[in-house]
>>> print(open('data_30.tsv').read())   # TSV, N, CA and C atoms
chain	number	residue	atom	x	y	z
A	1	MET	N	4.48	-176.29	0.01
A	1	MET	CA	5.59	-176.36	-0.91
A	1	MET	C	5.16	-177.22	-2.09
A	2	THR	N	5.51	-176.78	-3.30
A	2	THR	CA	5.12	-177.51	-4.49
A	2	THR	C	6.28	-178.32	-5.01
A	3	SER	N	5.97	-179.46	-5.47
A	3	SER	CA	7.01	-180.31	-6.02
A	3	SER	C	7.08	-180.08	-7.53
A	4	GLU	N	8.09	-180.65	-8.11
A	4	GLU	CA	8.29	-180.50	-9.57
A	4	GLU	C	7.11	-181.04	-10.35
A	5	SER	N	6.51	-182.11	-9.87
A	5	SER	CA	5.41	-182.73	-10.60
A	5	SER	C	4.13	-181.91	-10.49
A	6	ASP	N	4.03	-181.02	-9.46
A	6	ASP	CA	2.84	-180.20	-9.29
A	6	ASP	C	2.84	-178.97	-10.20
A	7	ARG	N	3.98	-178.56	-10.65
A	7	ARG	CA	4.08	-177.36	-11.48
A	7	ARG	C	3.56	-177.66	-12.88
A	8	PRO	N	2.90	-176.68	-13.48
A	8	PRO	CA	2.46	-176.91	-14.86
A	8	PRO	C	3.67	-177.00	-15.79
A	9	ALA	N	3.53	-177.87	-16.73
A	9	ALA	CA	4.63	-178.06	-17.68
A	9	ALA	C	4.79	-176.80	-18.51
A	10	LYS	N	6.02	-176.38	-18.63
A	10	LYS	CA	6.29	-175.20	-19.46
A	10	LYS	C	6.21	-175.59	-20.92
A	11	ALA	N	5.55	-174.75	-21.66
A	11	ALA	CA	5.45	-175.00	-23.10
A	11	ALA	C	6.79	-174.68	-23.74
A	12	ALA	N	7.13	-175.46	-24.70
A	12	ALA	CA	8.37	-175.20	-25.42
A	12	ALA	C	8.25	-173.86	-26.13
A	13	PRO	N	9.29	-173.07	-26.11
A	13	PRO	CA	9.20	-171.77	-26.79
A	13	PRO	C	8.91	-171.97	-28.26
A	14	GLU	N	7.93	-171.21	-28.72
A	14	GLU	CA	7.56	-171.33	-30.13
A	14	GLU	C	8.55	-170.55	-30.97
A	15	SER	N	9.20	-171.25	-31.81
A	15	SER	CA	10.10	-170.58	-32.74
A	15	SER	C	9.50	-170.72	-34.12
A	16	SER	N	9.47	-169.63	-34.82
A	16	SER	CA	8.90	-169.69	-36.16
A	16	SER	C	9.83	-170.53	-37.03
A	17	PRO	N	9.25	-171.41	-37.80
A	17	PRO	CA	10.12	-172.26	-38.63
A	17	PRO	C	10.87	-171.39	-39.63
A	18	SER	N	12.15	-171.67	-39.74
A	18	SER	CA	12.95	-170.88	-40.67
A	18	SER	C	12.50	-171.20	-42.09
A	19	PRO	N	12.38	-170.17	-42.90
A	19	PRO	CA	11.93	-170.43	-44.27
A	19	PRO	C	12.95	-171.26	-45.03
A	20	LYS	N	12.43	-172.12	-45.89
A	20	LYS	CA	13.32	-172.95	-46.69
A	20	LYS	C	14.03	-172.09	-47.72
A	21	ARG	N	15.21	-172.51	-48.08
A	21	ARG	CA	15.94	-171.81	-49.13
A	21	ARG	C	15.28	-172.11	-50.47
A	22	LEU	N	15.34	-171.15	-51.35
A	22	LEU	CA	14.75	-171.32	-52.67
A	22	LEU	C	15.66	-172.18	-53.54
A	23	THR	N	15.04	-172.97	-54.41
A	23	THR	CA	15.81	-173.77	-55.34
A	23	THR	C	16.19	-172.91	-56.54
A	24	LEU	N	17.13	-173.39	-57.31
A	24	LEU	CA	17.57	-172.67	-58.50
A	24	LEU	C	16.41	-172.49	-59.47
A	25	LEU	N	15.58	-173.50	-59.60
A	25	LEU	CA	14.42	-173.42	-60.49
A	25	LEU	C	13.43	-172.35	-60.02
A	26	GLN	N	13.22	-172.23	-58.72
A	26	GLN	CA	12.33	-171.21	-58.18
A	26	GLN	C	12.89	-169.81	-58.43
A	27	ILE	N	14.20	-169.65	-58.29
A	27	ILE	CA	14.83	-168.35	-58.53
A	27	ILE	C	14.71	-167.97	-60.00
A	28	ILE	N	14.97	-168.92	-60.89
A	28	ILE	CA	14.86	-168.65	-62.32
A	28	ILE	C	13.43	-168.32	-62.69
A	29	GLY	N	12.48	-169.09	-62.18
A	29	GLY	CA	11.07	-168.82	-62.45
A	29	GLY	C	10.62	-167.46	-61.96
A	30	SER	N	11.05	-167.10	-60.76
A	30	SER	CA	10.70	-165.79	-60.21
A	30	SER	C	11.33	-164.66	-61.01
A	31	THR	N	12.56	-164.86	-61.46
A	31	THR	CA	13.24	-163.84	-62.25
A	31	THR	C	12.53	-163.62	-63.58
A	32	ILE	N	12.16	-164.68	-64.25
A	32	ILE	CA	11.46	-164.55	-65.53
A	32	ILE	C	10.08	-163.95	-65.32
A	33	ALA	N	9.37	-164.40	-64.29
A	33	ALA	CA	8.03	-163.85	-64.02
A	33	ALA	C	8.11	-162.36	-63.68
A	34	ALA	N	9.11	-161.97	-62.93
A	34	ALA	CA	9.27	-160.56	-62.59
A	34	ALA	C	9.64	-159.74	-63.82
A	35	ALA	N	10.46	-160.29	-64.70
A	35	ALA	CA	10.85	-159.57	-65.92
A	35	ALA	C	9.66	-159.36	-66.84
A	36	VAL	N	8.78	-160.35	-66.92
A	36	VAL	CA	7.61	-160.25	-67.77
A	36	VAL	C	6.51	-159.43	-67.09
A	37	GLY	N	6.53	-159.41	-65.74
A	37	GLY	CA	5.55	-158.64	-65.00
A	37	GLY	C	4.35	-159.43	-64.54
A	38	VAL	N	4.49	-160.72	-64.38
A	38	VAL	CA	3.36	-161.57	-63.99
A	38	VAL	C	3.63	-162.32	-62.68
A	39	GLN	N	4.50	-161.80	-61.84
A	39	GLN	CA	4.83	-162.45	-60.58
A	39	GLN	C	3.62	-162.44	-59.65
A	40	SER	N	3.26	-163.59	-59.11
A	40	SER	CA	2.12	-163.66	-58.18
A	40	SER	C	2.54	-163.11	-56.82
A	41	SER	N	1.57	-162.61	-56.08
A	41	SER	CA	1.88	-162.04	-54.77
A	41	SER	C	2.36	-163.13	-53.81
A	42	ARG	N	1.86	-164.35	-53.96
A	42	ARG	CA	2.31	-165.45	-53.11
A	42	ARG	C	3.79	-165.74	-53.34
A	43	ASN	N	4.18	-165.81	-54.62
A	43	ASN	CA	5.59	-166.08	-54.93
A	43	ASN	C	6.48	-164.90	-54.55
A	44	ARG	N	5.99	-163.69	-54.72
A	44	ARG	CA	6.76	-162.52	-54.33
A	44	ARG	C	7.01	-162.54	-52.83
A	45	HIS	N	5.98	-162.87	-52.05
A	45	HIS	CA	6.14	-162.96	-50.60
A	45	HIS	C	7.14	-164.05	-50.24
A	46	ARG	N	7.05	-165.20	-50.92
A	46	ARG	CA	8.00	-166.30	-50.69
A	46	ARG	C	9.43	-165.86	-51.00
A	47	ASP	N	9.59	-165.13	-52.10
A	47	ASP	CA	10.92	-164.68	-52.50
A	47	ASP	C	11.52	-163.72	-51.47
A	48	PHE	N	10.70	-162.80	-50.97
A	48	PHE	CA	11.21	-161.83	-50.00
A	48	PHE	C	11.47	-162.46	-48.64
A	49	SER	N	10.75	-163.50	-48.28
A	49	SER	CA	10.95	-164.10	-46.97
A	49	SER	C	12.04	-165.18	-46.98
A	50	ALA	N	12.19	-165.91	-48.08
A	50	ALA	CA	13.14	-167.02	-48.09
A	50	ALA	C	14.33	-166.80	-49.00
A	51	GLY	N	14.22	-165.86	-49.91
A	51	GLY	CA	15.30	-165.67	-50.88
A	51	GLY	C	16.37	-164.72	-50.38
A	52	ARG	N	17.55	-164.84	-50.96
A	52	ARG	CA	18.64	-163.92	-50.66
A	52	ARG	C	18.77	-162.94	-51.82
A	53	PRO	N	18.93	-161.67	-51.52
A	53	PRO	CA	18.98	-160.66	-52.58
A	53	PRO	C	20.08	-160.93	-53.62
A	54	VAL	N	21.23	-161.41	-53.18
A	54	VAL	CA	22.33	-161.63	-54.11
A	54	VAL	C	21.95	-162.66	-55.17
A	55	HIS	N	21.14	-163.65	-54.82
A	55	HIS	CA	20.72	-164.65	-55.79
A	55	HIS	C	19.87	-164.02	-56.89
A	56	PHE	N	18.97	-163.13	-56.49
A	56	PHE	CA	18.10	-162.49	-57.47
A	56	PHE	C	18.86	-161.44	-58.30
A	57	ILE	N	19.83	-160.79	-57.71
A	57	ILE	CA	20.64	-159.83	-58.46
A	57	ILE	C	21.43	-160.55	-59.54
A	58	VAL	N	22.08	-161.65	-59.16
A	58	VAL	CA	22.86	-162.43	-60.13
A	58	VAL	C	21.94	-163.00	-61.21
A	59	ALA	N	20.79	-163.53	-60.80
A	59	ALA	CA	19.84	-164.10	-61.77
A	59	ALA	C	19.34	-163.01	-62.72
A	60	GLY	N	19.10	-161.82	-62.21
A	60	GLY	CA	18.65	-160.71	-63.05
A	60	GLY	C	19.70	-160.29	-64.05
A	61	ILE	N	20.94	-160.23	-63.62
A	61	ILE	CA	22.04	-159.87	-64.52
A	61	ILE	C	22.21	-160.93	-65.60
A	62	VAL	N	22.21	-162.19	-65.21
A	62	VAL	CA	22.35	-163.28	-66.18
A	62	VAL	C	21.19	-163.26	-67.17
A	63	PHE	N	19.96	-163.07	-66.66
A	63	PHE	CA	18.80	-163.02	-67.54
A	63	PHE	C	18.92	-161.86	-68.53
A	64	THR	N	19.34	-160.70	-68.06
A	64	THR	CA	19.47	-159.53	-68.93
A	64	THR	C	20.51	-159.76	-70.02
A	65	VAL	N	21.65	-160.32	-69.64
A	65	VAL	CA	22.71	-160.60	-70.63
A	65	VAL	C	22.21	-161.61	-71.66
A	66	LEU	N	21.56	-162.68	-71.20
A	66	LEU	CA	21.04	-163.67	-72.15
A	66	LEU	C	19.97	-163.08	-73.05
A	67	PHE	N	19.13	-162.22	-72.51
A	67	PHE	CA	18.08	-161.58	-73.29
A	67	PHE	C	18.69	-160.68	-74.38
A	68	VAL	N	19.67	-159.88	-74.03
A	68	VAL	CA	20.31	-158.98	-75.00
A	68	VAL	C	21.03	-159.78	-76.07
A	69	VAL	N	21.78	-160.81	-75.68
A	69	VAL	CA	22.49	-161.64	-76.66
A	69	VAL	C	21.50	-162.32	-77.60
A	70	THR	N	20.38	-162.80	-77.07
A	70	THR	CA	19.36	-163.43	-77.90
A	70	THR	C	18.77	-162.43	-78.89
A	71	MET	N	18.48	-161.24	-78.43
A	71	MET	CA	17.91	-160.21	-79.32
A	71	MET	C	18.89	-159.81	-80.42
A	72	VAL	N	20.16	-159.68	-80.07
A	72	VAL	CA	21.18	-159.35	-81.08
A	72	VAL	C	21.25	-160.47	-82.11
A	73	PHE	N	21.24	-161.72	-81.66
A	73	PHE	CA	21.29	-162.86	-82.56
A	73	PHE	C	20.08	-162.88	-83.49
A	74	VAL	N	18.89	-162.66	-82.94
A	74	VAL	CA	17.66	-162.68	-83.76
A	74	VAL	C	17.67	-161.56	-84.78
A	75	VAL	N	18.06	-160.36	-84.35
A	75	VAL	CA	18.07	-159.23	-85.29
A	75	VAL	C	19.10	-159.45	-86.39
A	76	ARG	N	20.28	-159.93	-86.05
A	76	ARG	CA	21.29	-160.20	-87.08
A	76	ARG	C	20.83	-161.29	-88.04
A	77	SER	N	20.16	-162.31	-87.51
A	77	SER	CA	19.67	-163.39	-88.36
A	77	SER	C	18.60	-162.86	-89.33
A	78	VAL	N	17.70	-162.04	-88.84
A	78	VAL	CA	16.65	-161.50	-89.69
A	78	VAL	C	17.25	-160.56	-90.74
A	79	LEU	N	18.21	-159.74	-90.35
A	79	LEU	CA	18.82	-158.82	-91.31
A	79	LEU	C	19.65	-159.55	-92.36
A	80	SER	N	20.29	-160.64	-91.98
A	80	SER	CA	21.09	-161.39	-92.96
A	80	SER	C	20.18	-162.11	-93.96
A	81	VAL	N	19.02	-162.56	-93.54
A	81	VAL	CA	18.10	-163.23	-94.43
A	81	VAL	C	17.44	-162.19	-95.35
A	82	ALA	N	17.11	-161.02	-94.83
A	82	ALA	CA	16.43	-159.98	-95.60
A	82	ALA	C	17.39	-159.26	-96.53
A	83	GLY	N	18.65	-159.25	-96.23
A	83	GLY	CA	19.60	-158.45	-97.01
A	83	GLY	C	20.39	-159.24	-97.93
>>> encode(input="data_30.tsv", output="structure tokens")
Amino acid sequence: MTSESDRPAKAAPESSPSPKRLTLLQIIGSTIAAAVGVQSSRNRHRDFSAGRPVHFIVAGIVFTVLFVVTMVFVVRSVLSVAG
């Protein structure tokens, strides 16, 4: 008969560490990098494993709106100076 002390110690179940949540700065940086087309594969992998899709959708919409408003402002400014 084996006693408790004779049994090999059971290893703790290995649980993969949960990925950290992305910071606002990381989401903004990834959104701009993706819009320009220079996203690194390491950051893309990080975004897909730790990021939530809704964060990137909202960031993409906000980026697009800000980009369009900026372009309209620049074009109107150039046309007002030229005209």
>>> atom_distance(input="data_30.tsv", atom1="atom CA of A:Gly60", atom2="atom CA of A:Thr31")
6.3 Å
>>> atom_distance(input="data_30.tsv", atom1="atom CA of A:Ala50", atom2="atom CA of A:Leu22")
6.5 Å
>>> atom_distance(input="data_30.tsv", atom1="atom C of A:Thr23", atom2="atom N of A:Leu66")
18.7 Å
>>> select_by_dssp(input="data_30.tsv", residues="stretch 18-67 of chain A", states="helix (DSSP H, G or I)", output="JSON, numbers by chain")
{"A": [24, 25, 26, 27, 28, 29, 30, 31, 32, 33, 34, 35, 36, 41, 42, 43, 44, 45, 46, 47, 48, 49, 50, 53, 54, 55, 56, 57, 58, 59, 60, 61, 62, 63, 64, 65, 66, 67]}
>>> closest_residue(input="data_30.tsv", among="A:Val36, A:Arg21, A:Phe67, A:Ile28", to="A:Arg52", atoms="only N, CA and C atoms")
A:Arg21
>>> closest_residue(input="data_30.tsv", among="A:Gly51, A:Ser41, A:Phe73, A:Ala59", to="A:Lys20", atoms="all atoms listed in the file")
A:Gly51
>>> closest_residue(input="data_30.tsv", among="A:Asn43, A:Gly83, A:Ser30, A:Met71", to="A:Phe56", atoms="all atoms listed in the file")
A:Ser30
